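Notes for the one structure printed next.
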2 protein chains.
Amino acid sequence: MTHRFLATCRNEPTDRVPVWFMRQAGRSLPEYRALKENHSILELCRSPELAAEVTLQPVKRLDVDAAILFSDIMVPLAAAGAKLDIVPGVGPVLEEPIRSARELRQLRPLEPQRDVPFVLETVRILAAELDRPLIGFAGAPFTLACYLVEGGPSKDHARTKALMLSEPALWEALMDNLADSTLAYLSAQVQAGADAVQLFDSWAGSLAPADYSAFALPYVLKIFKGLEHLGVPRIYFGVATGELLGLLAETSPEVIGVDWRTPLDAARRRLGPSAVVQGNLDPAACLAPWEVLRVKALEVLQFGGGRGHIFNLGHGVLPATDPDRLRRLVELVHDWEPDVRAT
Amino acid sequence: MTHRFLATCRNEPTDRVPVWFMRQAGRSLPEYRALKENHSILELCRSPELAAEVTLQPVKRLDVDAAILFSDIMVPLAAAGAKLDIVPGVGPVLEEPIRSARELRQLRPLEPQRDVPFVLETVRILAAELDRPLIGFAGAPFTLACYLVEGGPSKDHARTKALMLSEPALWEALMDNLADSTLAYLSAQVQAGADAVQLFDSWAGSLAPADYSAFALPYVLKIFKGLEHLGVPRIYFGVATGELLGLLAETSPEVIGVDWRTPLDAARRRLGPSAVVQGNLDPAACLAPWEVLRVKALEVLQFGGGRGHIFNLGHGVLPATDPDRLRRLVELVHDWEPDVRAT
């Protein structure tokens with residue numbers, strides 16, 4: 001029997017709406033925080049046994065319908081030669097931001113078997129242990145470029161956009177490099193046992209539609225086309241992408257992740273009635289009293305319509321979230337029955 | 001003759017598309033940076049002669065069609081009792097964030113004549129000196145609440161939303177306080193000589209439509225209704241509000257500011273054909289070579305349609321912006337002639 005998560009990715013009917021949470025593994029879980037006392041994020045990502053353990057923590061605790069590989073979108077870039085660290089409370093910080101052809105040379109084409117064997121080993125461990133689907137993932141080229149060019153997290157990605165608009169040849173070289181490496185990286189994850197992949201284009205929504213179309217979309221298309229023959233569902237997610245939904249759909253993913261700003265019924269009107277959507281409860285709603293959260297979650301389920309909908313948050317779980325709240329949320333989604341859906 | 005900025009606010013035809021820039025005064029101008037060497041932001045805001053000088057700097061240098069009062073959205077809150085500082089490179093930081101009724105008591109109802117006489121004096125100086133309209137401004141309640149509750153700038157406004165969803169009585173008391181003070185503040189600016197007002201609801205776009213509607217919109221409505229009898233144009237602006245445009249329009253401002261994510265023709269389709277829009281070039285486009293910037297600015301003008309459109313950026317001028325670029329942009333907008341509009 002196909003698992004309900006994979007069936008929904010293919011827009012097949014299921015017994016229940018599947019549910020998982022972006023950042024379900026991580027700082028909201030005490031068992032993760034305990035591990036973090038002795039290991040840095042990059043250490044955890046590079047130790048297959050530990051990364052697998054962290055991946056499994058929320059599956060055991062929350063009973064979500066899918067596991068997502070524990071890693072960081074910067075891991076393959078570090079493996080390909082970018083000198084970076086993930087600074088607690090800050091995020092990825094580059095020793096030498098990429099703003100010229102010279103700096104771009106530090107970034108070799110990724111060869112997954114050589115550069116990220118630990119990720120592939122993590123995937124293999126998980127594929128053997130899990131009784132439900134494993135989602136592999138990577139950052140999308142534009143979002144990766146934001147970190148590489150800015151040299152760290154930024155509010156407006158102004159340097160990145162300035163480079164994008166000012167130096168088309170350098171931008172193309174950078175984005176081609178990132179697209180090729182990301183395709184190789186996701187393909188290797190699938191070959192190692194991932195059942196689906198999610199491409200995180202978190203900052204794509206900071207682009208005006210014309211700029212997204214010209215400077216980001218072609219590289220996503222390249223990745224998704226390259227993954228097609230592997231036959232696993234491809235999920236594409238970004239924040240504040242309401243205005244881009246039609247363009248995101250042009251990259252032909254099986255599933256489109258929607259942030260909480262756009263109600264799922266509005267999203268589906270833009271994407272077409274047969275679109276499979278993932279989302280989209282505001283992560284901050286999980287900090288509210290259960291009765292408030294419950295009403296909001298039911299709204300999301302109703303907008304999702306009970307078919308072609310993977311329940312998720314509209315962005316990652318906030319660190320302050322009580323895991324018991326998430327567990328209850330999973331139960332609520334799983335208890336939402338077909339006959340209730342009709343009301 | 002009514003100035004073209006004010007005429008456009010009222011959707012009357014004009015000779016040229018009016019143009020000004022959010023944050024046109026400030027860090028992009030060397031004459032501002034020179035002043036900042038000897039004065040903190042709050043000092044500048046509290047010294048009428050200096051605040052007027054900073055307000056006039058971009059008018060002289062760029063020949064924009066409107067001046068906007070130099071101040072900070074936190075100034076009236078500091079004057080009403082909030083213990084805060086504006087930390088260079090960080091933003092407003094509260095000594096005691098407002099998260100309970102006890103902390104809310106530090107925030108007295110604003111009495112502009114008593115609490116912010118320096119702002120009103122700045123407005124009077126400017127009204128006497130300027131040969132073009134002066135825009136007064138304030139932060140909207142939700143956006144102010146984000147700073148007050150978080151205690152400083154934040155990425156996700158999670159604490160603010162948690163309070164909003166968890167403690168409706170406290171939220172209402174806080175938002176009522178902010179709405180009343182903001183109404184008094186803007187009214188006093190108009191009485192002192194401001195020709196229009198802009199309400200900055202920068203973070204409203206972080207709310208899902210249902211939450212915006214329940215927890216933010218009523219307080220904006222209260223402010224705009226209270227300003228109505230003064231007869232000056234009211235501009236309402238927020239970032240990433242594409243999904244909220246219909247709701248923003250329910251507050252009945254004369255002008256709606258649109259960020260760069262939503263093309264102006266799409267915005268007007270949601271707002272209605274007679275809506276007056278302000279915006280919406282991506283501020284990062286000003287860092288691009290002139291030929292790239294020029295094409296993007298012309299696109300904005302075309303989407304704006306040459307009537308009911310105030311040209312602006314989609315958010316504030318970035319500090320790295322070359323003021324000569326802005327000056328050229330003003331010229332481009334002013335050179336865009338009616339017969340060119342038809343093509």
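Simple scheme: letters A, B, ... for chains in structure tokens order, numbers from 1 for residues in each chain, numbers from 1 for ligands in the order shown.
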
Would you tabulate, counting only C-alpha atoms, all residues of chain A that have an atom at most 6 Å from an atom of chain B, showing the closest pair of atoms and their distance in Å to one decimal, sorted by chain then ascending number, as CSV?
residue,atom,partner,partner_atom,distance
A:Ala158,CA,B:Ala284,CA,5.2
A:Ala162,CA,B:Leu287,CA,5.4
A:Leu165,CA,B:Ala288,CA,5.6
A:Ser166,CA,B:Ala288,CA,5.3
A:Ala208,CA,B:Arg261,CA,4.5
A:Trp260,CA,B:Ala208,CA,5.8
A:Arg261,CA,B:Ala208,CA,4.5
A:Ala284,CA,B:Ala158,CA,5.3
A:Leu287,CA,B:Ala162,CA,5.4
A:Ala288,CA,B:Ser166,CA,5.3
A:Pro289,CA,B:Ser166,CA,6.0

(message) I need the helix (DSSP H, G or I) residues of segment 71-245 of chain B per DSSP on the backbone, written as a PyMOL selection string.
(response) chain B and resi 75-79+101-104+112-115+117-129+141-150+158-166+168-192+204-206+209-215+217-230+242-245

(request) Could you check how far atom CA of Ala249 of chain B sits from atom CA of Leu271 of chain B, in Å to one decimal? (result) 6.6 Å
